[in-house]
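Undergrad: For reference, this is my_file.txt, and it has compact mmCIF, C-alpha atoms.
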```
# COMPACT_ATOMS: atom_id res chain seq x y z
CA GLU D 1 115.21 116.15 122.11
CA ASP D 2 112.29 115.72 119.70
CA GLN D 3 111.16 112.12 119.74
CA VAL D 4 108.38 109.91 118.37
CA THR D 5 107.74 106.47 119.90
CA GLN D 6 105.30 103.90 118.56
CA SER D 7 103.88 100.83 120.29
CA PRO D 8 103.50 97.98 119.99
CA GLU D 9 106.29 97.10 117.58
CA ALA D 10 104.12 94.36 116.07
CA LEU D 11 100.49 93.37 116.46
CA ARG D 12 98.69 90.28 115.21
CA LEU D 13 94.91 90.31 115.21
CA GLN D 14 92.15 88.05 114.04
CA GLU D 15 89.92 89.44 111.31
CA GLY D 16 87.23 91.54 112.99
CA GLU D 17 89.19 92.01 116.22
CA SER D 18 89.42 95.75 116.92
CA SER D 19 92.49 97.34 118.50
CA SER D 20 94.55 100.52 118.79
CA LEU D 21 98.07 101.57 117.89
CA ASN D 22 99.87 104.18 119.96
CA CYS D 23 102.16 107.05 119.01
CA SER D 24 103.64 109.15 121.79
CA TYR D 25 105.64 112.27 121.03
CA THR D 26 107.90 114.71 122.75
CA VAL D 27 108.35 117.78 120.60
CA SER D 28 108.57 121.50 121.11
CA GLY D 29 105.71 123.06 119.18
CA LEU D 30 103.66 120.52 117.26
CA ARG D 31 102.72 121.73 113.80
CA GLY D 32 101.05 118.51 112.74
CA LEU D 33 100.93 114.77 113.45
CA PHE D 34 100.63 112.37 110.53
CA TRP D 35 99.70 108.73 110.11
CA TYR D 36 100.99 106.72 107.15
CA ARG D 37 100.51 103.19 105.93
CA GLN D 38 103.42 101.36 104.31
CA ASP D 39 103.11 98.13 102.34
CA PRO D 40 106.20 96.00 101.61
CA GLY D 41 108.30 97.40 98.78
CA LYS D 42 106.38 100.67 98.62
CA GLY D 43 106.69 104.19 99.94
CA PRO D 44 104.63 105.37 102.90
CA GLU D 45 101.07 106.29 101.92
CA PHE D 46 99.53 109.29 103.67
CA LEU D 47 96.43 108.60 105.78
CA PHE D 48 95.66 111.46 108.18
CA THR D 49 96.87 114.78 109.56
CA LEU D 50 95.92 115.93 113.06
CA TYR D 51 96.71 119.43 114.25
CA SER D 52 95.35 119.94 117.74
CA ALA D 53 94.41 117.98 120.87
CA GLY D 54 90.90 116.60 120.67
CA GLU D 55 90.89 116.34 116.92
CA GLU D 56 89.72 113.11 115.26
CA LYS D 57 89.85 111.88 111.66
CA GLU D 58 88.21 108.79 110.15
CA LYS D 59 88.69 106.77 106.99
CA GLU D 60 86.88 103.47 106.50
CA ARG D 61 87.92 101.21 109.41
CA LEU D 62 90.55 103.64 110.72
CA LYS D 63 90.13 106.48 113.19
CA ALA D 64 92.97 108.67 114.43
CA THR D 65 92.81 110.73 117.60
CA LEU D 66 95.20 113.23 119.19
CA THR D 67 95.98 114.38 122.72
CA LYS D 68 98.73 116.70 123.92
CA LYS D 69 101.16 113.82 124.32
CA GLU D 70 100.01 111.00 122.08
CA SER D 71 97.93 109.83 119.18
CA PHE D 72 96.00 106.64 118.68
CA LEU D 73 95.09 104.86 115.48
CA HIS D 74 91.98 102.80 116.17
CA ILE D 75 91.24 99.94 113.81
CA THR D 76 87.64 98.67 113.91
CA ALA D 77 86.77 95.21 112.61
CA PRO D 78 89.97 94.93 110.56
CA LYS D 79 90.28 92.86 107.40
CA PRO D 80 93.38 91.05 106.06
CA GLU D 81 93.94 93.88 103.57
CA ASP D 82 94.59 96.22 106.51
CA SER D 83 97.83 94.32 107.15
CA ALA D 84 100.72 96.78 106.77
CA THR D 85 103.19 98.83 108.77
CA TYR D 86 101.61 101.96 110.22
CA LEU D 87 103.93 104.91 110.73
CA CYS D 88 103.42 108.00 112.84
CA ALA D 89 105.29 111.24 112.10
CA VAL D 90 105.38 114.75 113.53
CA ARG D 91 106.22 118.13 112.09
CA MET D 92 107.41 120.81 114.47
CA TYR D 93 107.44 124.56 114.36
CA SER D 94 111.01 124.38 115.60
CA SER D 95 113.88 122.48 113.97
CA ALA D 96 113.23 124.10 110.62
CA SER D 97 109.86 122.37 110.42
CA LYS D 98 111.30 118.99 109.56
CA ILE D 99 109.23 115.79 109.74
CA ILE D 100 110.44 112.92 111.92
CA PHE D 101 109.03 109.39 112.05
CA GLY D 102 108.46 106.75 114.66
CA SER D 103 109.68 103.22 114.06
CA GLY D 104 106.24 101.94 113.09
CA THR D 105 103.85 99.16 114.10
CA ARG D 106 103.69 96.05 111.91
CA LEU D 107 100.04 95.00 111.83
CA SER D 108 99.03 91.55 110.67
CA ILE D 109 95.38 90.53 110.31
CA ARG D 110 94.64 86.80 110.13
CA PRO D 111 91.58 85.65 108.14
CA ASP I 1 99.72 114.61 89.06
CA ALA I 2 101.93 111.53 88.92
CA GLY I 3 103.12 111.99 92.48
CA VAL I 4 106.74 112.02 93.59
CA ILE I 5 108.92 110.24 91.04
CA GLN I 6 112.19 108.61 91.99
CA SER I 7 114.79 106.95 89.82
CA PRO I 8 116.22 104.43 89.59
CA ARG I 9 113.94 102.01 91.48
CA HIS I 10 116.82 99.64 92.10
CA GLU I 11 120.56 100.22 92.06
CA VAL I 12 123.32 97.70 92.63
CA THR I 13 126.83 99.07 92.72
CA GLU I 14 130.28 98.10 93.87
CA MET I 15 131.89 99.57 96.92
CA GLY I 16 133.77 102.74 96.09
CA GLN I 17 131.57 103.72 93.16
CA GLU I 18 129.57 106.93 92.97
CA VAL I 19 125.79 106.62 93.22
CA THR I 20 123.27 109.28 92.25
CA LEU I 21 119.62 109.05 93.21
CA ARG I 22 117.06 111.31 91.57
CA CYS I 23 113.75 112.81 92.62
CA LYS I 24 111.01 114.84 90.96
CA PRO I 25 108.67 116.31 93.58
CA ILE I 26 104.97 117.02 93.14
CA SER I 27 104.43 120.19 91.14
CA GLY I 28 103.75 123.16 93.39
CA HIS I 29 105.29 121.63 96.50
CA ASN I 30 108.05 123.73 98.00
CA SER I 31 109.45 121.36 100.63
CA LEU I 32 111.49 118.28 99.75
CA PHE I 33 112.82 115.59 102.07
CA TRP I 34 115.30 112.75 101.59
CA TYR I 35 114.89 109.78 103.95
CA ARG I 36 116.75 106.50 104.35
CA GLN I 37 114.95 103.37 105.59
CA THR I 38 116.56 100.29 107.10
CA MET I 39 115.22 97.52 109.28
CA MET I 40 117.47 98.57 112.14
CA ARG I 41 116.94 102.33 112.10
CA GLY I 42 113.57 102.83 110.43
CA LEU I 43 112.96 106.03 108.48
CA GLU I 44 115.75 108.54 109.06
CA LEU I 45 115.60 112.09 107.74
CA LEU I 46 118.79 112.88 105.84
CA ILE I 47 118.18 116.38 104.52
CA TYR I 48 115.32 118.82 104.03
CA PHE I 49 114.94 121.59 101.44
CA ASN I 50 112.55 124.51 101.46
CA ASN I 51 112.19 126.57 98.27
CA ASN I 52 115.23 124.73 96.84
CA VAL I 53 117.43 125.77 99.76
CA PRO I 54 118.88 123.14 102.14
CA ILE I 55 117.46 123.93 105.58
CA ASP I 56 118.57 121.02 107.73
CA ASP I 57 121.22 118.49 106.72
CA SER I 58 121.99 117.27 110.22
CA GLY I 59 120.87 113.77 109.28
CA MET I 60 123.41 113.34 106.49
CA PRO I 61 125.64 110.60 107.86
CA GLU I 62 129.01 111.72 106.50
CA ASP I 63 130.73 113.86 103.93
CA ARG I 64 130.32 111.05 101.44
CA PHE I 65 126.68 112.09 101.16
CA SER I 66 125.60 115.24 99.33
CA ALA I 67 122.27 116.54 98.06
CA LYS I 68 121.30 119.27 95.65
CA MET I 69 118.11 120.89 94.46
CA PRO I 70 118.98 123.01 91.42
CA ASN I 71 115.34 123.89 90.76
CA ALA I 72 111.84 123.29 92.10
CA SER I 73 111.29 120.15 90.05
CA PHE I 74 114.47 118.16 90.61
CA SER I 75 116.73 116.95 93.41
CA THR I 76 119.63 114.53 93.65
CA LEU I 77 121.23 112.60 96.47
CA LYS I 78 124.80 111.52 95.77
CA ILE I 79 126.97 109.05 97.63
CA GLN I 80 130.67 109.11 96.80
CA PRO I 81 132.33 106.74 97.50
CA SER I 82 129.62 104.23 98.35
CA GLU I 83 130.07 101.61 101.09
CA PRO I 84 128.15 98.40 101.89
CA ARG I 85 126.62 100.03 104.98
CA ASP I 86 124.89 102.52 102.70
CA SER I 87 122.64 99.73 101.47
CA ALA I 88 119.06 100.79 102.24
CA VAL I 89 115.90 102.12 100.65
CA TYR I 90 116.10 105.84 99.98
CA PHE I 91 112.87 107.81 99.81
CA CYS I 92 112.16 111.26 98.54
CA ALA I 93 109.07 113.13 99.77
CA SER I 94 107.56 116.52 99.07
CA SER I 95 105.01 118.77 100.75
CA LEU I 96 103.58 122.24 100.84
CA GLY I 97 105.68 124.06 103.38
CA GLN I 98 102.93 126.21 104.76
CA GLY I 99 99.28 126.23 105.67
CA SER I 100 97.17 123.14 106.10
CA GLY I 101 98.99 120.99 103.56
CA THR I 102 102.00 120.16 105.68
CA GLU I 103 101.95 116.40 105.22
CA ALA I 104 104.58 114.82 103.01
CA PHE I 105 103.92 112.57 100.03
CA PHE I 106 106.46 109.88 99.23
CA GLY I 107 107.92 108.38 96.12
CA GLN I 108 108.29 104.64 95.65
CA GLY I 109 111.89 104.70 96.79
CA THR I 110 115.23 103.57 95.43
CA ARG I 111 116.57 100.29 96.79
CA LEU I 112 120.34 100.64 96.92
CA THR I 113 122.61 97.65 97.30
CA VAL I 114 126.35 98.23 97.64
CA VAL I 115 128.42 95.07 97.28
```
Write the structure described by the file as structure tokens, please.
TA:
Amino acid sequence: EDQVTQSPEALRLQEGESSSLNCSYTVSGLRGLFWYRQDPGKGPEFLFTLYSAGEEKEKERLKATLTKKESFLHITAPKPEDSATYLCAVRMYSSASKIIFGSGTRLSIRP
Amino acid sequence: DAGVIQSPRHEVTEMGQEVTLRCKPISGHNSLFWYRQTMMRGLELLIYFNNNVPIDDSGMPEDRFSAKMPNASFSTLKIQPSEPRDSAVYFCASSLGQGSGTEAFFGQGTRLTVV
């Protein structure tokens, strides 16, 4: 069964304390892996797409990496405004190319 | 482009009433998704359209739920009759179905409360 698992469920960091969020997936035929940011009361906001193992994407303090089984979202020297829920999603070649989401990691950055 | 537009933003209805949620996808996108988000279950895919045709509705919880996409610029999700357990935030998302633009872009959601 296609599955996406994120860890940890919640993460509290001090401002400037770097860390990583994990997304592991079990799918048949990965078409793309996506990272989103979601703020309270809003829809998920697209951050990155990764297509193949070894690929990396960066945006400000965020860097996403991909292996054959998992993806990491590295946060370097985070600021309070980086506090949000980060969601990982995958799109498969099978299952009519639908997109399924993990349960997310709630990130809180203390000043 | 204004992005994916959903209406209404909030809906409060009584149990047993019909509820219709609306979505206008991004122009040029040919894939459209309806998701439901709750604290307990996260983001669940309800149904997925490609070129206005329903491709996968395996996530639709029961026959009370139905979705249509009469044209490339409009979709509806209907719940009839509504029940308190349907209370959630419903998101619509759209994407290009092919090539490099496979990521989905979301609307702001409709917060549904059934009392």
Undergrad: Write down, as a PyMOL selection string, each residue of chain I that has any atom within 10 Å of an atom of chain D, counting only C-alpha atoms.
TA: chain I and resi 31-33+35+37+39-45+47-50+55-56+89-93+97-111
Undergrad: Which of these residues is nearest to Ser27 of chain I, using all atoms listed in the file: I:Ser87, I:Ser66, I:Ser73, I:Ser82?
TA: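 The answer is I:Ser73, which sits nearest to Ser27 of chain I.
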Undergrad: Considering all atoms listed in the file, return as a list in words whatever protein or nucleic-acid residues lie within 7 Å of Ala77 of chain D, sequence-local ones (same chain, fewer than 3 positions apart) excluded.
TA: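 Residues meeting the cut-off are Glu15, Gly16, Glu17, Ser18 and Arg61 of chain D.
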Undergrad: So, with all atoms listed in the file as the atoms that count, which of I:Gln80, I:Thr113, I:Asn71, I:Ser58 lies closest to Val12 of chain I?
TA: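 When distances to Val12 of chain I are compared using all atoms listed in the file, the smallest one comes from I:Thr113.
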Undergrad: Taking 6 positions as the minimum chain separation for residues in the same chain, which residues sit within 10 Å of Val114 of chain I when counting only C-alpha atoms? Answer as a compact mmCIF listing (two decimals) with C-alpha atoms, keeping the file's coordinate frame.
TA:
```txt
# COMPACT_ATOMS: atom_id res chain seq x y z
CA GLU I 11 120.56 100.22 92.06
CA VAL I 12 123.32 97.70 92.63
CA THR I 13 126.83 99.07 92.72
CA GLU I 14 130.28 98.10 93.87
CA MET I 15 131.89 99.57 96.92
CA GLY I 16 133.77 102.74 96.09
CA GLN I 17 131.57 103.72 93.16
CA VAL I 19 125.79 106.62 93.22
CA SER I 82 129.62 104.23 98.35
CA GLU I 83 130.07 101.61 101.09
CA PRO I 84 128.15 98.40 101.89
CA ARG I 85 126.62 100.03 104.98
CA ASP I 86 124.89 102.52 102.70
CA SER I 87 122.64 99.73 101.47
CA ALA I 88 119.06 100.79 102.24
```
Undergrad: Of the candidates D:Ser19, D:Thr85, D:Thr76, D:Ser24, which one gets nearest to Ser7 of chain D if we count all atoms listed in the file?
TA: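 Between D:Ser19, D:Thr85, D:Thr76, D:Ser24, the residue approaching Ser7 of chain D most closely is D:Ser24.
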Undergrad: Can you tell me how far atom CA of Gly28 of chain I sits from atom CA of Ile5 of chain I, in Å to one decimal?
TA: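 The value is 14.1 Å.
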Undergrad: What's the separation between atom CA of Arg36 of chain I and atom CA of Lys78 of chain I, in Å to one decimal place?
TA: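 Those two atoms sit 12.8 Å apart.
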Undergrad: Quick one: distance from atom CA of Arg37 of chain D to atom CA of Glu1 of chain D in Å, one decimal?
TA: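 Between atom CA of Arg37 of chain D and atom CA of Glu1 of chain D the gap is 25.4 Å.
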Undergrad: Between I:Met60, I:Gln6, I:Asn51, I:Leu46, which residue has the minimum interatomic distance to Cys23 of chain I, considering all atoms listed in the file?
TA: I:Gln6
